[in-house]
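**Student:** Next comes the structure file structure-v2.cif, holding mmCIF, C-alpha atoms.
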data_final
loop_
_atom_site.label_atom_id
_atom_site.label_comp_id
_atom_site.auth_asym_id
_atom_site.auth_seq_id
_atom_site.Cartn_x
_atom_site.Cartn_y
_atom_site.Cartn_z
CA MET A 20 -10.28 5.05 10.65
CA ASP A 21 -13.74 4.81 12.19
CA SER A 22 -13.87 2.97 15.53
CA SER A 23 -17.62 2.57 15.98
CA ALA A 24 -17.97 -1.16 15.38
CA ALA A 25 -15.54 -2.66 17.88
CA ALA A 26 -18.05 -5.17 19.20
CA ALA A 27 -19.11 -6.68 15.84
CA VAL A 28 -20.22 -10.29 15.99
CA VAL A 29 -17.81 -12.84 14.56
CA THR A 30 -18.77 -15.67 12.26
CA PRO A 31 -19.64 -18.93 14.03
CA ALA A 32 -18.17 -21.10 11.26
CA ILE A 33 -14.87 -22.60 12.40
CA THR A 34 -13.12 -22.86 9.05
CA PRO A 35 -9.52 -22.00 8.19
CA ALA A 36 -8.56 -18.84 6.37
CA VAL A 37 -6.50 -18.86 3.18
CA TYR A 38 -4.33 -15.88 2.24
CA GLY A 39 -2.35 -15.95 -0.98
CA ALA A 40 -1.83 -18.98 -3.18
CA SER A 41 -0.96 -22.38 -1.73
CA ASP A 42 -0.98 -25.99 -2.92
CA ARG A 43 -1.88 -27.39 0.49
CA PRO A 44 -4.65 -26.77 3.00
CA PRO A 45 -4.09 -24.29 5.84
CA ARG A 46 -2.14 -25.71 8.72
CA GLY A 47 -3.54 -26.16 12.21
CA ASP A 48 -6.20 -28.24 13.92
CA TYR A 49 -9.41 -26.22 13.74
CA SER A 50 -11.52 -28.87 15.45
CA ARG A 51 -9.66 -29.44 18.73
CA GLY A 52 -12.54 -31.61 19.86
CA GLY A 53 -14.83 -28.60 19.97
CA ALA A 54 -12.38 -26.47 21.95
CA VAL A 55 -12.16 -23.75 19.27
CA LEU A 56 -14.68 -21.01 20.05
CA ALA A 57 -16.75 -18.96 17.62
CA ASP A 58 -14.11 -16.20 17.66
CA TYR A 59 -11.46 -18.79 16.68
CA THR A 60 -9.71 -18.68 20.04
CA CYS A 61 -8.82 -21.85 21.89
CA PRO A 62 -6.84 -22.93 24.96
CA GLN A 63 -3.07 -23.13 24.56
CA ASP A 64 -2.35 -26.82 24.99
CA TRP A 65 1.07 -26.16 26.51
CA ALA A 66 1.44 -29.75 27.74
CA SER A 67 1.35 -31.03 24.16
CA TYR A 68 4.64 -29.34 23.21
CA THR A 69 7.46 -31.86 22.94
CA PRO A 70 11.08 -31.35 24.03
CA ALA A 71 11.88 -30.94 20.31
CA ASP A 72 9.27 -28.17 20.05
CA HIS A 73 10.80 -26.28 22.96
CA ASP A 74 14.29 -26.77 21.53
CA THR A 75 13.16 -25.37 18.18
CA TYR A 76 11.81 -22.27 19.92
CA ARG A 77 15.04 -21.88 21.92
CA ARG A 78 17.25 -22.13 18.85
CA LEU A 79 15.07 -19.71 16.87
CA TYR A 80 15.13 -17.22 19.75
CA GLU A 81 18.90 -17.42 20.19
CA ARG A 82 19.59 -17.03 16.48
CA GLN A 83 17.25 -14.08 16.03
CA VAL A 84 18.19 -12.12 19.13
CA ALA A 85 21.81 -12.11 17.97
CA GLN A 86 20.75 -10.23 14.82
CA LEU A 87 18.90 -7.39 16.54
CA PRO A 88 21.58 -4.81 17.55
CA GLY A 89 21.64 -1.94 15.08
CA LEU A 90 18.70 -3.37 13.11
CA ALA A 91 15.67 -3.59 15.45
CA CYS A 92 13.98 -0.50 16.84
CA ASP A 93 14.60 0.54 20.43
CA ALA A 94 11.03 -0.18 21.54
CA PHE A 95 11.33 -3.80 20.43
CA ILE A 96 14.71 -4.40 22.06
CA GLU A 97 13.58 -2.82 25.33
CA ALA A 98 10.41 -4.94 25.48
CA LEU A 99 11.88 -8.28 24.38
CA PRO A 100 12.80 -9.43 27.93
CA SER A 101 9.11 -9.14 28.81
CA LEU A 102 8.48 -12.31 26.79
CA GLY A 103 10.04 -14.16 29.71
CA VAL A 104 11.59 -17.56 29.22
CA LYS A 105 13.95 -18.06 26.28
CA ASP A 106 14.60 -21.78 26.46
CA ARG A 107 11.02 -22.96 25.94
CA ILE A 108 7.72 -21.83 24.48
CA PRO A 109 6.18 -19.38 26.96
CA ARG A 110 2.87 -20.06 28.67
CA PHE A 111 0.41 -17.53 27.34
CA ASP A 112 -1.28 -16.97 30.71
CA GLU A 113 2.03 -16.05 32.38
CA LEU A 114 2.96 -13.67 29.56
CA ASN A 115 -0.48 -12.08 29.71
CA GLU A 116 0.06 -11.02 33.31
CA ARG A 117 2.93 -8.79 32.19
CA LEU A 118 1.34 -7.61 28.93
CA HIS A 119 -1.97 -6.65 30.48
CA ARG A 120 -0.24 -4.63 33.19
CA ALA A 121 1.76 -2.77 30.55
CA THR A 122 -0.87 -1.88 27.93
CA GLY A 123 -4.12 -3.69 28.67
CA TRP A 124 -3.56 -6.20 25.87
CA GLU A 125 -3.63 -9.99 26.05
CA ILE A 126 -2.66 -12.74 23.66
CA VAL A 127 -5.11 -15.47 22.77
CA ALA A 128 -4.32 -18.82 21.19
CA VAL A 129 -5.71 -19.64 17.73
CA PRO A 130 -5.23 -22.81 15.66
CA GLY A 131 -3.74 -20.98 12.68
CA LEU A 132 -4.72 -18.27 10.22
CA ILE A 133 -8.22 -16.94 10.89
CA PRO A 134 -10.67 -15.03 8.68
CA GLU A 135 -10.68 -11.28 8.32
CA LEU A 136 -13.61 -10.29 10.52
CA PRO A 137 -12.70 -12.41 13.59
CA PHE A 138 -9.13 -11.13 13.26
CA PHE A 139 -10.22 -7.48 13.18
CA THR A 140 -12.64 -8.03 16.07
CA LEU A 141 -10.00 -9.57 18.33
CA LEU A 142 -7.63 -6.65 17.68
CA ALA A 143 -10.41 -4.14 18.32
CA ASN A 144 -10.83 -5.69 21.76
CA ARG A 145 -7.09 -5.65 22.52
CA LYS A 146 -6.68 -9.38 22.01
CA PHE A 147 -3.83 -10.48 19.77
CA PRO A 148 -4.25 -13.90 18.10
CA VAL A 149 -1.17 -16.11 18.41
CA THR A 150 -0.88 -19.36 16.48
CA ASP A 151 -0.01 -22.00 19.08
CA TRP A 152 1.79 -24.62 16.96
CA ILE A 153 5.49 -24.42 16.14
CA ARG A 154 7.34 -25.31 12.96
CA LYS A 155 9.10 -28.62 12.47
CA PRO A 156 12.92 -28.78 12.63
CA GLU A 157 13.09 -29.15 8.84
CA GLU A 158 11.24 -25.81 8.56
CA PHE A 159 13.71 -24.02 10.79
CA ASP A 160 14.83 -21.50 8.17
CA TYR A 161 11.55 -20.90 6.37
CA ILE A 162 7.87 -21.46 7.07
CA VAL A 163 4.96 -20.46 4.86
CA GLU A 164 2.43 -19.67 7.61
CA PRO A 165 3.09 -17.86 10.90
CA ASP A 166 3.79 -20.12 13.87
CA VAL A 167 4.09 -19.46 17.59
CA PHE A 168 7.67 -18.19 17.25
CA HIS A 169 6.76 -15.63 14.59
CA ASP A 170 3.73 -14.43 16.51
CA LEU A 171 5.34 -14.29 19.96
CA PHE A 172 8.83 -13.08 19.11
CA GLY A 173 7.83 -10.86 16.19
CA HIS A 174 4.60 -9.26 17.37
CA VAL A 175 4.22 -9.34 21.13
CA PRO A 176 7.17 -7.15 22.22
CA MET A 177 5.76 -4.24 20.23
CA LEU A 178 2.44 -4.57 22.08
CA PHE A 179 4.30 -3.45 25.22
CA ASP A 180 4.72 -0.01 23.59
CA PRO A 181 1.60 2.01 24.54
CA THR A 182 1.37 4.06 21.35
CA PHE A 183 1.93 1.15 19.01
CA ALA A 184 -0.49 -0.99 21.02
CA ASP A 185 -3.15 1.70 20.61
CA TYR A 186 -2.47 1.79 16.86
CA VAL A 187 -3.06 -1.95 16.55
CA GLN A 188 -6.38 -1.64 18.38
CA ARG A 189 -7.39 1.28 16.16
CA TYR A 190 -6.46 -0.80 13.14
CA GLY A 191 -8.76 -3.59 14.32
CA GLN A 192 -11.62 -1.16 14.92
CA GLY A 193 -11.21 0.32 11.46
CA GLY A 194 -10.87 -3.16 10.00
CA ILE A 195 -14.41 -4.06 11.05
CA LYS A 196 -15.73 -1.09 9.09
CA ALA A 197 -13.48 -1.90 6.13
CA HIS A 198 -14.92 -5.41 6.09
CA GLU A 199 -18.45 -4.01 6.00
CA LEU A 200 -17.50 -1.73 3.09
CA GLY A 201 -15.70 -4.46 1.15
CA ALA A 202 -12.33 -2.75 1.63
CA GLY A 203 -10.68 -5.37 3.83
CA GLU A 204 -8.12 -6.37 1.21
CA LYS A 205 -6.95 -2.78 0.78
CA LEU A 206 -6.69 -2.23 4.53
CA ALA A 207 -4.79 -5.49 4.89
CA ARG A 208 -1.99 -3.87 2.92
CA LEU A 209 -1.61 -1.24 5.63
CA TYR A 210 -1.22 -4.01 8.21
CA TRP A 211 1.31 -5.78 5.99
CA TYR A 212 3.45 -2.69 5.48
CA THR A 213 3.31 -1.53 9.12
CA VAL A 214 2.68 -4.28 11.68
CA GLU A 215 4.39 -6.96 9.59
CA PHE A 216 7.02 -5.13 7.51
CA GLY A 217 7.30 -1.60 8.88
CA LEU A 218 10.47 0.46 9.22
CA ILE A 219 11.00 3.44 11.52
CA ARG A 220 13.61 6.18 11.31
CA GLN A 221 15.30 6.69 14.69
CA PRO A 222 17.90 9.36 15.50
CA ASP A 223 20.58 6.70 15.06
CA GLY A 224 19.26 5.41 11.74
CA LEU A 225 16.71 3.17 10.08
CA ARG A 226 15.34 0.31 12.20
CA ALA A 227 12.73 -2.43 11.85
CA TYR A 228 9.54 -2.67 13.91
CA GLY A 229 7.52 -5.07 11.74
CA ALA A 230 7.14 -8.65 12.96
CA GLY A 231 7.77 -10.21 9.57
CA ILE A 232 11.18 -8.54 9.52
CA LEU A 233 12.07 -8.99 13.17
CA SER A 234 11.36 -12.73 13.16
CA SER A 235 13.30 -13.40 9.93
CA VAL A 236 17.04 -13.98 10.04
CA GLY A 237 17.49 -12.95 6.41
CA GLU A 238 14.95 -10.20 5.88
CA LEU A 239 16.13 -8.17 8.87
CA ARG A 240 19.41 -7.25 7.20
CA HIS A 241 17.77 -6.97 3.77
CA ALA A 242 15.13 -4.53 5.00
CA VAL A 243 17.44 -2.25 6.97
CA LEU A 244 20.79 -2.43 5.18
CA SER A 245 20.39 -3.59 1.58
CA ASP A 246 20.39 -1.12 -1.32
CA GLU A 247 18.02 -3.38 -3.26
CA PRO A 248 14.54 -2.62 -1.84
CA ARG A 249 12.65 0.63 -2.34
CA ARG A 250 11.96 2.60 0.84
CA LEU A 251 9.12 5.11 0.79
CA PRO A 252 7.60 7.47 3.37
CA LEU A 253 4.36 6.01 4.68
CA ASP A 254 1.38 7.52 2.88
CA LEU A 255 -2.00 5.85 3.40
CA LEU A 256 -3.23 5.93 -0.19
CA ARG A 257 0.14 4.88 -1.63
CA THR A 258 0.48 2.07 0.89
CA MET A 259 -2.99 0.64 0.34
CA ARG A 260 -2.54 0.72 -3.44
CA THR A 261 0.69 -1.26 -3.23
CA ARG A 262 0.77 -5.02 -3.72
CA TYR A 263 3.17 -7.10 -1.66
CA LYS A 264 5.23 -10.28 -1.87
CA ILE A 265 4.28 -13.31 0.21
CA ASP A 266 7.04 -15.68 -0.86
CA THR A 267 10.17 -13.48 -1.14
CA TYR A 268 11.77 -10.58 0.67
CA GLN A 269 9.76 -7.40 0.22
CA ALA A 270 10.53 -5.26 -2.81
CA ASN A 271 9.53 -2.10 -0.94
CA TYR A 272 9.12 -0.91 2.62
CA PHE A 273 7.28 2.10 4.06
CA VAL A 274 9.04 4.25 6.66
CA ILE A 275 7.60 6.21 9.59
CA ASP A 276 9.27 8.73 11.88
CA SER A 277 7.42 7.75 15.07
CA PHE A 278 4.64 5.51 16.32
CA LYS A 279 2.64 8.64 17.14
CA GLN A 280 2.77 9.53 13.46
CA LEU A 281 1.35 6.11 12.65
CA PHE A 282 -1.39 6.46 15.25
CA ASP A 283 -2.33 9.96 14.11
CA LEU A 284 -2.47 8.93 10.44
CA THR A 285 -5.19 6.42 11.23
CA GLU A 286 -7.42 8.77 13.26
CA PRO A 287 -9.63 10.11 10.42
CA ASP A 288 -12.57 8.22 8.93
CA PHE A 289 -11.22 6.06 6.08
CA THR A 290 -14.47 6.09 4.06
CA PRO A 291 -13.27 8.80 1.60
CA LEU A 292 -9.98 6.93 1.25
CA TYR A 293 -11.81 3.73 0.30
CA GLU A 294 -13.73 5.68 -2.35
CA SER A 295 -10.43 6.92 -3.80
CA LEU A 296 -9.06 3.38 -3.81
CA LYS A 297 -11.97 2.20 -5.96
CA VAL A 298 -10.64 4.21 -8.91
CA ALA A 299 -6.92 4.26 -8.11
CA PRO A 300 -5.10 1.38 -9.81
CA ASP A 301 -2.96 -1.01 -7.81
CA ILE A 302 0.80 -0.55 -7.85
CA GLU A 303 3.01 -3.59 -8.23
CA ALA A 304 5.60 -4.23 -5.52
CA GLY A 305 8.88 -2.49 -6.21
CA VAL A 306 7.48 0.00 -8.74
CA LEU A 307 8.27 3.69 -8.22
CA LEU A 308 5.88 6.44 -9.23
CA PRO A 309 7.06 9.69 -10.84
CA GLY A 310 8.87 11.82 -8.26
CA GLU A 311 9.64 8.92 -5.91
CA SER A 312 13.27 8.12 -5.17
CA GLY A 313 12.74 4.96 -3.15
CA LYS A 314 15.28 6.20 -0.60
CA ALA A 315 13.10 7.50 2.24
#
Take the structure from the file and write it as structure tokens.

**Tutor:**
Amino acid sequence: MDSSAAAAVVTPAITPAVYGASDRPPRGDYSRGGAVLADYTCPQDWASYTPADHDTYRRLYERQVAQLPGLACDAFIEALPSLGVKDRIPRFDELNERLHRATGWEIVAVPGLIPELPFFTLLANRKFPVTDWIRKPEEFDYIVEPDVFHDLFGHVPMLFDPTFADYVQRYGQGGIKAHELGAGEKLARLYWYTVEFGLIRQPDGLRAYGAGILSSVGELRHAVLSDEPRRLPLDLLRTMRTRYKIDTYQANYFVIDSFKQLFDLTEPDFTPLYESLKVAPDIEAGVLLPGESGKA
């Protein structure tokens, strides 16, 4: 994954991103009275959170942390206290003091989903975009787009792990090149099946490290314990050929043995891989190829 374009210029157009199919416009205030910058970052308006917002965060945190033993990976559980407060939405600047000391990363507020190139560019510069609004109480169990709970609870603890944090930066660097080559959609599948829905095999068994699993009360048990989904060893070509579900639990998951394995897999230049993907057909979610058992 080539890392030469880390400082690529982002688009100046402040318009929402749309991923997947939806009947409503993307959520989030992208105007903010001009406070949203060209890279889609904006100040966290912490004072605007209501007592109900903080209570929603607290209840989500308490429910999810109770599900983690035996299902979440050790790195996540060890880093979770670094998020700080549990009874209210954390202040990003306070959390950044701890995160930057640990791995040189920082979180930056964004109004919602952002386009591909700004997203890649932020990651390449060790800045993780965190949506700053939180779901409504009636969305407690399910929300279509990521909110501040998903982004903070699901993603940020893993950024305290040095090897995984380096992988995410490398992904962003390679993403800029993928965008230039028109391969962003294929590379997005690698992000989906690792950063969002990745599984790791520890000495004591299979565990989740992906944010989409770790922030979901239902998918955590489904991903780690259920016999229903297919589980495959992570292979770059196989992963980037594989479609994914955006509105149900995943039909398949890809498994790694260590975060170093993940980092090392993404060291080579991906250009030949993108050429292979041009002629390799997509694979529907849940489909097994000849020789695959789905029980990695």

**Student:** Excluding A:Glu116 and any residue of its chain fewer than 4 positions from it, enumerate the residues within 12 Å of it, using all atoms listed in the file, and give them as a ChimeraX atom specification.

**Tutor:** /A:101-103,110-112,120-126,179

**Student:** Which residues come within 12 Å of A:Pro222, counting all atoms listed in the file, excluding same-chain residues fewer than 5 positions away, as a PyMOL selection string?

**Tutor:** chain A and resi 89+92-93+276-277

**Student:** So how far away is atom CA of A:Pro148 from atom CA of A:Arg117, in Å?

**Tutor:** 16.6 Å

**Student:** Could you check how far atom CA of A:Ser50 sits from atom CA of A:Ala143, in Å to one decimal?

**Tutor:** 24.9 Å

**Student:** Evaluating the PyMOL selection byres ((chain A and resi 194-203) around 7) on the displayed file yields which residues, as a list of chain:residue names?

**Tutor:** A:Asp21, A:Ala24, A:Leu136, A:Phe139, A:Thr140, A:Tyr190, A:Gly191, A:Gln192, A:Gly193, A:Glu204, A:Lys205, A:Leu206, A:Ala207, A:Tyr293

**Student:** Kindly give the distance, in Å, that separates atom CA of A:Tyr263 and atom CA of A:Ser245, rounded to a single decimal.

**Tutor:**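 Spanning atom CA of A:Tyr263 to atom CA of A:Ser245 is a straight-line distance of 17.9 Å.
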
**Student:** Could stretch 121-132 of chain A be completed with all heavy atoms and returned as a JSON list (two decimals), in the frame of the given file?

**Tutor:**
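Written file, part-v1.json:
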[["chain", "number", "residue", "atom", "x", "y", "z"],
["A", 121, "ALA", "N", 1.05, -3.80, 31.31],
["A", 121, "ALA", "CA", 1.76, -2.77, 30.55],
["A", 121, "ALA", "C", 0.83, -1.95, 29.66],
["A", 121, "ALA", "O", 0.89, -0.71, 29.66],
["A", 121, "ALA", "CB", 2.84, -3.42, 29.69],
["A", 122, "THR", "N", -0.06, -2.61, 28.91],
["A", 122, "THR", "CA", -0.87, -1.88, 27.93],
["A", 122, "THR", "C", -2.32, -2.32, 27.86],
["A", 122, "THR", "O", -3.07, -1.83, 27.00],
["A", 122, "THR", "CB", -0.26, -2.04, 26.52],
["A", 122, "THR", "OG1", -0.20, -3.43, 26.17],
["A", 122, "THR", "CG2", 1.13, -1.41, 26.44],
["A", 123, "GLY", "N", -2.73, -3.24, 28.71],
["A", 123, "GLY", "CA", -4.12, -3.69, 28.67],
["A", 123, "GLY", "C", -4.42, -4.70, 27.58],
["A", 123, "GLY", "O", -5.57, -5.05, 27.36],
["A", 124, "TRP", "N", -3.39, -5.18, 26.90],
["A", 124, "TRP", "CA", -3.56, -6.20, 25.87],
["A", 124, "TRP", "C", -3.43, -7.59, 26.48],
["A", 124, "TRP", "O", -2.87, -7.77, 27.56],
["A", 124, "TRP", "CB", -2.51, -6.04, 24.77],
["A", 124, "TRP", "CG", -2.93, -5.08, 23.70],
["A", 124, "TRP", "CD1", -2.88, -3.72, 23.77],
["A", 124, "TRP", "CD2", -3.46, -5.41, 22.42],
["A", 124, "TRP", "NE1", -3.34, -3.18, 22.61],
["A", 124, "TRP", "CE2", -3.71, -4.19, 21.75],
["A", 124, "TRP", "CE3", -3.73, -6.61, 21.76],
["A", 124, "TRP", "CZ2", -4.23, -4.13, 20.45],
["A", 124, "TRP", "CZ3", -4.26, -6.56, 20.47],
["A", 124, "TRP", "CH2", -4.50, -5.34, 19.83],
["A", 125, "GLU", "N", -3.89, -8.59, 25.73],
["A", 125, "GLU", "CA", -3.63, -9.99, 26.05],
["A", 125, "GLU", "C", -3.47, -10.76, 24.75],
["A", 125, "GLU", "O", -3.95, -10.33, 23.70],
["A", 125, "GLU", "CB", -4.77, -10.60, 26.88],
["A", 125, "GLU", "CG", -6.10, -10.66, 26.17],
["A", 125, "GLU", "CD", -7.17, -11.33, 27.02],
["A", 125, "GLU", "OE1", -6.98, -12.50, 27.35],
["A", 125, "GLU", "OE2", -8.18, -10.66, 27.32],
["A", 126, "ILE", "N", -2.75, -11.86, 24.81],
["A", 126, "ILE", "CA", -2.66, -12.74, 23.66],
["A", 126, "ILE", "C", -3.62, -13.89, 23.85],
["A", 126, "ILE", "O", -3.87, -14.33, 24.96],
["A", 126, "ILE", "CB", -1.22, -13.25, 23.44],
["A", 126, "ILE", "CG1", -0.70, -14.01, 24.67],
["A", 126, "ILE", "CG2", -0.28, -12.09, 23.09],
["A", 126, "ILE", "CD1", 0.66, -14.65, 24.45],
["A", 127, "VAL", "N", -4.18, -14.35, 22.74],
["A", 127, "VAL", "CA", -5.11, -15.47, 22.77],
["A", 127, "VAL", "C", -4.65, -16.50, 21.74],
["A", 127, "VAL", "O", -4.18, -16.15, 20.66],
["A", 127, "VAL", "CB", -6.55, -15.02, 22.46],
["A", 127, "VAL", "CG1", -7.11, -14.20, 23.61],
["A", 127, "VAL", "CG2", -6.64, -14.23, 21.16],
["A", 128, "ALA", "N", -4.75, -17.76, 22.09],
["A", 128, "ALA", "CA", -4.32, -18.82, 21.19],
["A", 128, "ALA", "C", -5.36, -19.02, 20.09],
["A", 128, "ALA", "O", -6.56, -18.96, 20.32],
["A", 128, "ALA", "CB", -4.12, -20.12, 21.95],
["A", 129, "VAL", "N", -4.87, -19.27, 18.86],
["A", 129, "VAL", "CA", -5.71, -19.64, 17.73],
["A", 129, "VAL", "C", -5.04, -20.82, 17.03],
["A", 129, "VAL", "O", -3.82, -21.01, 17.13],
["A", 129, "VAL", "CB", -5.92, -18.47, 16.74],
["A", 129, "VAL", "CG1", -6.76, -17.37, 17.37],
["A", 129, "VAL", "CG2", -4.59, -17.90, 16.26],
["A", 130, "PRO", "N", -5.81, -21.63, 16.28],
["A", 130, "PRO", "CA", -5.23, -22.81, 15.66],
["A", 130, "PRO", "C", -4.41, -22.54, 14.41],
["A", 130, "PRO", "O", -3.72, -23.43, 13.90],
["A", 130, "PRO", "CB", -6.46, -23.66, 15.31],
["A", 130, "PRO", "CG", -7.57, -22.69, 15.19],
["A", 130, "PRO", "CD", -7.28, -21.60, 16.17],
["A", 131, "GLY", "N", -4.46, -21.33, 13.90],
["A", 131, "GLY", "CA", -3.74, -20.98, 12.68],
["A", 131, "GLY", "C", -4.31, -19.68, 12.14],
["A", 131, "GLY", "O", -4.87, -18.87, 12.88],
["A", 132, "LEU", "N", -4.17, -19.47, 10.83],
["A", 132, "LEU", "CA", -4.72, -18.27, 10.22],
["A", 132, "LEU", "C", -6.24, -18.25, 10.40],
["A", 132, "LEU", "O", -6.91, -19.28, 10.30],
["A", 132, "LEU", "CB", -4.39, -18.25, 8.72],
["A", 132, "LEU", "CG", -2.91, -18.08, 8.37],
["A", 132, "LEU", "CD1", -2.70, -18.28, 6.87],
["A", 132, "LEU", "CD2", -2.39, -16.72, 8.80]]
